[in-house]
$ cat start_8.csv   # CSV, C-alpha atoms
chain,number,residue,atom,x,y,z
A,1,MET,CA,0.0,0.0,0.0
A,2,SER,CA,2.9,2.4,0.8
A,3,LEU,CA,4.5,1.7,-2.6
A,4,THR,CA,1.1,2.3,-4.4
A,5,ARG,CA,0.6,5.5,-2.5
A,6,LYS,CA,4.1,6.8,-3.6
A,7,LEU,CA,3.3,5.8,-7.2
A,8,LEU,CA,0.2,8.0,-7.1
A,9,ARG,CA,2.4,10.9,-5.9
A,10,LEU,CA,4.6,10.9,-9.1
A,11,GLY,CA,2.9,14.0,-10.4
A,12,ASN,CA,3.3,16.0,-7.2
A,13,SER,CA,6.6,17.4,-8.2
A,14,VAL,CA,5.1,18.9,-11.3
A,15,GLU,CA,2.2,20.3,-9.3
A,16,ALA,CA,4.7,21.9,-6.9
A,17,LEU,CA,6.6,23.5,-9.7
A,18,GLU,CA,3.3,24.9,-11.1
A,19,SER,CA,2.5,26.3,-7.7
A,20,ALA,CA,5.9,28.0,-7.6
A,21,LYS,CA,5.2,29.6,-11.0
A,22,ARG,CA,2.0,31.1,-9.5
A,23,THR,CA,3.5,32.3,-6.2
A,24,ILE,CA,6.5,34.0,-7.9
A,25,HIS,CA,4.1,36.7,-9.1
A,26,LEU,CA,2.8,37.6,-5.6
A,27,SER,CA,3.0,41.3,-4.7
A,28,ASP,CA,4.1,40.7,-1.1
A,29,GLY,CA,7.8,40.1,-1.1
A,30,VAL,CA,7.9,37.9,2.0
A,31,LEU,CA,5.1,35.7,0.9
A,32,ARG,CA,6.6,35.5,-2.6
A,33,LEU,CA,10.0,34.4,-1.2
A,34,CYS,CA,8.6,31.9,1.4
A,35,LEU,CA,6.0,30.3,-0.8
A,36,THR,CA,8.1,30.1,-4.0
A,37,ILE,CA,11.1,28.5,-2.3
A,38,SER,CA,8.8,26.3,-0.3
A,39,HIS,CA,7.2,24.9,-3.4
A,40,LEU,CA,10.6,24.4,-5.1
A,41,ASN,CA,11.8,22.4,-2.1
A,42,ARG,CA,8.5,20.5,-2.0
A,43,ALA,CA,9.2,19.5,-5.7
A,44,MET,CA,12.6,18.3,-4.7
A,45,TYR,CA,11.2,16.4,-1.7
A,46,PHE,CA,8.7,14.6,-3.9
A,47,ALA,CA,11.5,13.9,-6.5
A,48,CYS,CA,13.6,12.3,-3.8
A,49,ASP,CA,10.5,10.4,-2.7
A,50,ASN,CA,10.0,9.1,-6.2
A,51,VAL,CA,13.6,7.9,-6.4
A,52,LEU,CA,13.1,6.1,-3.1
A,53,TRP,CA,10.0,4.5,-4.6
A,54,ALA,CA,12.1,3.3,-7.6
A,55,GLY,CA,14.7,1.8,-5.2
A,56,LYS,CA,12.1,-0.1,-3.2
A,57,THR,CA,10.4,-1.5,-6.3
A,58,GLY,CA,13.8,-2.8,-7.6
A,59,LEU,CA,14.0,-0.3,-10.6
A,60,LEU,CA,17.1,1.1,-9.0
A,61,SER,CA,18.5,-1.9,-7.1
A,62,SER,CA,21.8,-0.2,-6.2
A,63,LEU,CA,20.2,2.9,-4.7
A,64,ASP,CA,21.5,4.0,-1.3
A,65,GLN,CA,18.0,4.3,0.3
A,66,HIS,CA,19.3,5.7,3.6
A,67,LYS,CA,21.1,8.6,1.8
A,68,TRP,CA,18.1,9.5,-0.3
A,69,SER,CA,15.8,9.2,2.6
A,70,GLN,CA,17.9,11.7,4.6
A,71,ARG,CA,18.0,14.0,1.6
A,72,SER,CA,14.3,13.8,1.2
A,73,PHE,CA,13.7,14.7,4.9
A,74,ARG,CA,16.1,17.6,4.6
A,75,TYR,CA,14.0,19.1,1.8
A,76,TYR,CA,10.8,18.4,3.8
A,77,LEU,CA,12.2,20.1,6.9
A,78,PHE,CA,13.1,23.2,4.8
A,79,VAL,CA,9.6,23.3,3.4
A,80,LEU,CA,8.1,23.2,6.9
A,81,ILE,CA,10.4,25.9,8.2
A,82,LEU,CA,9.4,28.2,5.3
A,83,ASN,CA,5.7,27.4,5.8
A,84,LEU,CA,6.0,28.2,9.5
A,85,THR,CA,7.8,31.5,8.6
A,86,ARG,CA,4.9,32.4,6.3
A,87,ASP,CA,2.4,31.6,9.1
A,88,VAL,CA,4.2,33.7,11.6
A,89,TYR,CA,4.5,36.6,9.1
A,90,GLU,CA,0.7,36.5,8.3
A,91,LEU,CA,0.0,36.3,12.0
A,92,ARG,CA,2.1,39.4,12.6
A,93,LEU,CA,0.3,41.3,9.8
A,94,LEU,CA,-3.1,40.3,11.2
A,95,MET,CA,-2.0,41.3,14.8
A,96,GLU,CA,-1.0,44.7,13.5
A,97,SER,CA,-4.4,45.1,11.7
A,98,GLU,CA,-6.2,44.0,14.9
A,99,ALA,CA,-4.2,46.4,17.0
A,100,ARG,CA,-5.0,49.3,14.6
A,101,SER,CA,-8.7,48.3,14.7
A,102,ARG,CA,-8.6,48.4,18.5
A,103,ALA,CA,-6.7,51.7,18.6
A,104,ALA,CA,-9.3,53.2,16.3
A,105,LYS,CA,-12.1,52.3,18.8
A,106,SER,CA,-10.2,53.6,21.8
A,107,SER,CA,-9.6,57.2,22.8
A,108,CYS,CA,-6.4,56.4,24.7
A,109,PRO,CA,-3.4,58.0,22.9
A,110,VAL,CA,-1.0,55.5,24.3
A,111,ILE,CA,-2.2,52.7,22.0
A,112,ALA,CA,-2.7,54.9,19.0
A,113,LEU,CA,0.2,53.2,17.1
A,114,PRO,CA,0.2,49.4,16.5
A,115,GLU,CA,4.0,49.2,17.1
A,116,GLU,CA,3.4,50.3,20.7
A,117,ASN,CA,1.1,47.3,21.1
A,118,LEU,CA,3.4,44.8,19.5
A,119,SER,CA,6.7,45.7,21.2
A,120,LEU,CA,8.0,45.5,24.7
A,121,PRO,CA,7.6,48.6,26.8
A,122,SER,CA,10.6,50.9,26.1
A,123,SER,CA,10.6,52.6,29.6
A,124,PRO,CA,11.8,50.8,32.7
A,125,ALA,CA,9.0,48.7,34.0
A,126,GLY,CA,8.6,46.1,36.7
A,127,PRO,CA,7.3,42.5,36.4
A,128,PRO,CA,3.7,43.6,36.6
A,129,ALA,CA,3.9,45.8,33.5
A,130,VAL,CA,5.7,43.1,31.5
A,131,SER,CA,3.1,40.6,32.7
A,132,VAL,CA,0.3,42.9,31.5
A,133,TRP,CA,2.0,43.3,28.1
A,134,PHE,CA,2.4,39.6,27.6
A,135,HIS,CA,-1.2,39.0,28.6
A,136,ARG,CA,-2.4,41.6,26.0
A,137,GLN,CA,-0.2,40.0,23.3
A,138,LEU,CA,-1.5,36.5,24.1
A,139,HIS,CA,-5.1,37.8,24.0
A,140,LEU,CA,-4.3,39.5,20.7
A,141,VAL,CA,-2.8,36.3,19.2
A,142,ALA,CA,-5.8,34.2,20.4
A,143,THR,CA,-8.3,36.7,18.9
A,144,VAL,CA,-6.5,36.8,15.6
A,145,LEU,CA,-6.3,33.0,15.3
A,146,TYR,CA,-9.9,32.6,16.5
A,147,ASN,CA,-11.0,34.9,13.7
A,148,ASN,CA,-8.8,33.3,11.1
A,149,PRO,CA,-9.4,29.5,11.2
A,150,PRO,CA,-7.3,28.8,8.0
A,151,LEU,CA,-4.2,30.3,9.5
A,152,LEU,CA,-4.8,28.5,12.8
A,153,LEU,CA,-5.2,25.1,11.1
A,154,ASP,CA,-2.1,25.7,8.9
A,155,LEU,CA,0.0,26.7,11.9
A,156,LEU,CA,-1.1,23.7,13.8
A,157,LYS,CA,-0.5,21.3,10.9
A,158,ASN,CA,3.0,22.7,10.1
A,159,SER,CA,3.8,22.6,13.9
A,160,CYS,CA,2.9,18.9,14.0
A,161,ASP,CA,4.6,18.0,10.8
A,162,ILE,CA,7.9,19.6,11.6
A,163,PHE,CA,8.6,17.0,14.4
A,164,ILE,CA,8.7,14.2,11.7
A,165,PRO,CA,11.8,15.4,9.8
A,166,LEU,CA,13.4,16.6,13.0
A,167,ASP,CA,13.1,13.1,14.4
A,168,ARG,CA,14.1,11.2,11.2
A,169,LEU,CA,17.2,13.4,10.8
A,170,GLY,CA,18.2,13.0,14.4
A,171,ILE,CA,18.1,16.7,15.1
A,172,TYR,CA,15.4,16.4,17.8
A,173,PRO,CA,14.5,12.8,18.5
A,174,THR,CA,11.0,12.5,20.0
A,175,GLY,CA,10.2,8.8,19.6
A,176,SER,CA,7.9,6.9,17.2
A,177,GLY,CA,4.9,7.3,19.4
A,178,PHE,CA,5.0,11.1,19.5
A,179,VAL,CA,5.9,11.3,15.8
A,180,GLY,CA,2.9,9.0,15.0
A,181,ALA,CA,0.6,11.2,17.1
A,182,CYS,CA,1.8,14.3,15.3
A,183,GLY,CA,1.3,12.6,11.9
A,184,LEU,CA,-2.2,11.6,12.9
A,185,VAL,CA,-3.2,15.1,13.9
A,186,SER,CA,-1.7,16.5,10.7
A,187,SER,CA,-3.6,14.0,8.6
A,188,ILE,CA,-6.9,14.9,10.4
A,189,LEU,CA,-6.3,18.6,9.8
A,190,SER,CA,-5.5,17.9,6.1
A,191,ILE,CA,-8.8,15.9,5.8
A,192,VAL,CA,-10.7,18.9,7.4
A,193,THR,CA,-9.2,21.3,4.8
A,194,ILE,CA,-10.1,18.9,2.0
A,195,ALA,CA,-13.7,18.6,3.3
A,196,HIS,CA,-14.0,22.3,3.8
A,197,PRO,CA,-11.8,24.1,1.1
A,198,TRP,CA,-12.5,27.5,2.7
A,199,LEU,CA,-10.3,26.4,5.6
A,200,LYS,CA,-7.2,26.1,3.4
A,201,LEU,CA,-4.8,29.0,3.8
A,202,LYS,CA,-4.4,31.0,0.6
A,203,PRO,CA,-2.5,31.8,-1.5

$ encode --input "start_8.csv" --output "structure tokens"
Amino acid sequence: MSLTRKLLRLGNSVEALESAKRTIHLSDGVLRLCLTISHLNRAMYFACDNVLWAGKTGLLSSLDQHKWSQRSFRYYLFVLILNLTRDVYELRLLMESEARSRAAKSSCPVIALPEENLSLPSSPAGPPAVSVWFHRQLHLVATVLYNNPPLLLDLLKNSCDIFIPLDRLGIYPTGSGFVGACGLVSSILSIVTIAHPWLKLKP
């Protein structure tokens, strides 16, 4: 079943390259960089996966499967790092927008600028002031993610997925049980986005 599944993924590299062609025209420079490079690395990941498939079926009997497996997971890890960078960037933009919206509804001049809401207090302050600031930031993050389910699901999925290559590459071993649980959660989130396309983060 695993080999059949990989056979059905032979066209994924082409699809990833087509996605890179689309995202390279995005107006936002950060999104353009993150998504385009992510799609290119995803194409390389699937290409390595296809080479591994050929090795397991006997088409490439002399293939060093461990070497290609490690190479595949390195591409996969880079994809996830870029995807998480994109998620954090979009979260930041939405937090700034939410902060501006709150400032517009408030008459307090202290919070008139979003930068003041999103950075640590510049004046000397004790632990209570820092605690209040972090509480506000956590509330802002929770509000933004609650109002943007696609971003929340994408952030959760990428956060779960990243433990898989980290474990396989020996960078942060977590054990097969934990990796399996992360894979299960990621799969469920993927099914949710397939069942409800509006929950898929765009572009």

$ atom_distance --input "start_8.csv" --atom1 "CA of Trp68 in chain A" --atom2 "CA of Asp49 in chain A"
8.0 Å

$ atom_distance --input "start_8.csv" --atom1 "CA of Leu33 in chain A" --atom2 "CA of Pro203 in chain A"
12.8 Å

$ closest_residue --input "start_8.csv" --among "A:Ala43, A:Leu201, A:Met95, A:Ala54" --to "Leu152 in chain A" --atoms "all atoms listed in the file"
A:Leu201

$ residues_near_point --input "start_8.csv" --point "(11.1, 24.7, 8.4)" --cutoff "10 Å" --atoms "only C-alpha atoms" --output "list in words"
Ser38, Arg74, Tyr75, Tyr76, Leu77, Phe78, Val79, Leu80, Ile81, Leu82, Asn83, Leu84, Thr85, Asn158, Ser159, Asp161, Ile162, Pro165 and Leu166 of chain A

$ closest_residue --input "start_8.csv" --among "A:Arg100, A:Arg71, A:Arg92, A:Lys157" --to "Leu169 in chain A" --atoms "only C-alpha atoms"
A:Arg71

$ atom_distance --input "start_8.csv" --atom1 "CA of Leu91 in chain A" --atom2 "CA of Leu155 in chain A"
9.6 Å

$ closest_residue --input "start_8.csv" --among "A:Val30, A:Leu189, A:Ala20, A:Ala195" --to "Asp154 in chain A" --atoms "only C-alpha atoms"
A:Leu189

$ closest_residue --input "start_8.csv" --among "A:Val179, A:Tyr146, A:Gly11, A:Leu151" --to "Asp167 in chain A" --atoms "only C-alpha atoms"
A:Val179

$ closest_residue --input "start_8.csv" --among "A:Cys160, A:Leu184, A:Val88, A:Leu153" --to "Leu31 in chain A" --atoms "all atoms listed in the file"
A:Val88

$ residues_near_point --input "start_8.csv" --point "(7.4, 26.4, -10.0)" --cutoff "12 Å" --atoms "all atoms listed in the file" --output "mmCIF file with C-alpha atoms, in the frame of the given file"
data_model
loop_
_atom_site.group_PDB
_atom_site.id
_atom_site.type_symbol
_atom_site.label_atom_id
_atom_site.label_comp_id
_atom_site.auth_asym_id
_atom_site.auth_seq_id
_atom_site.Cartn_x
_atom_site.Cartn_y
_atom_site.Cartn_z
ATOM 1 C CA ASN A 12 3.300 16.000 -7.200
ATOM 2 C CA SER A 13 6.600 17.400 -8.200
ATOM 3 C CA VAL A 14 5.100 18.900 -11.300
ATOM 4 C CA GLU A 15 2.200 20.300 -9.300
ATOM 5 C CA ALA A 16 4.700 21.900 -6.900
ATOM 6 C CA LEU A 17 6.600 23.500 -9.700
ATOM 7 C CA GLU A 18 3.300 24.900 -11.100
ATOM 8 C CA SER A 19 2.500 26.300 -7.700
ATOM 9 C CA ALA A 20 5.900 28.000 -7.600
ATOM 10 C CA LYS A 21 5.200 29.600 -11.000
ATOM 11 C CA ARG A 22 2.000 31.100 -9.500
ATOM 12 C CA THR A 23 3.500 32.300 -6.200
ATOM 13 C CA ILE A 24 6.500 34.000 -7.900
ATOM 14 C CA HIS A 25 4.100 36.700 -9.100
ATOM 15 C CA ARG A 32 6.600 35.500 -2.600
ATOM 16 C CA LEU A 35 6.000 30.300 -0.800
ATOM 17 C CA THR A 36 8.100 30.100 -4.000
ATOM 18 C CA ILE A 37 11.100 28.500 -2.300
ATOM 19 C CA SER A 38 8.800 26.300 -0.300
ATOM 20 C CA HIS A 39 7.200 24.900 -3.400
ATOM 21 C CA LEU A 40 10.600 24.400 -5.100
ATOM 22 C CA ASN A 41 11.800 22.400 -2.100
ATOM 23 C CA ARG A 42 8.500 20.500 -2.000
ATOM 24 C CA ALA A 43 9.200 19.500 -5.700
ATOM 25 C CA MET A 44 12.600 18.300 -4.700
#
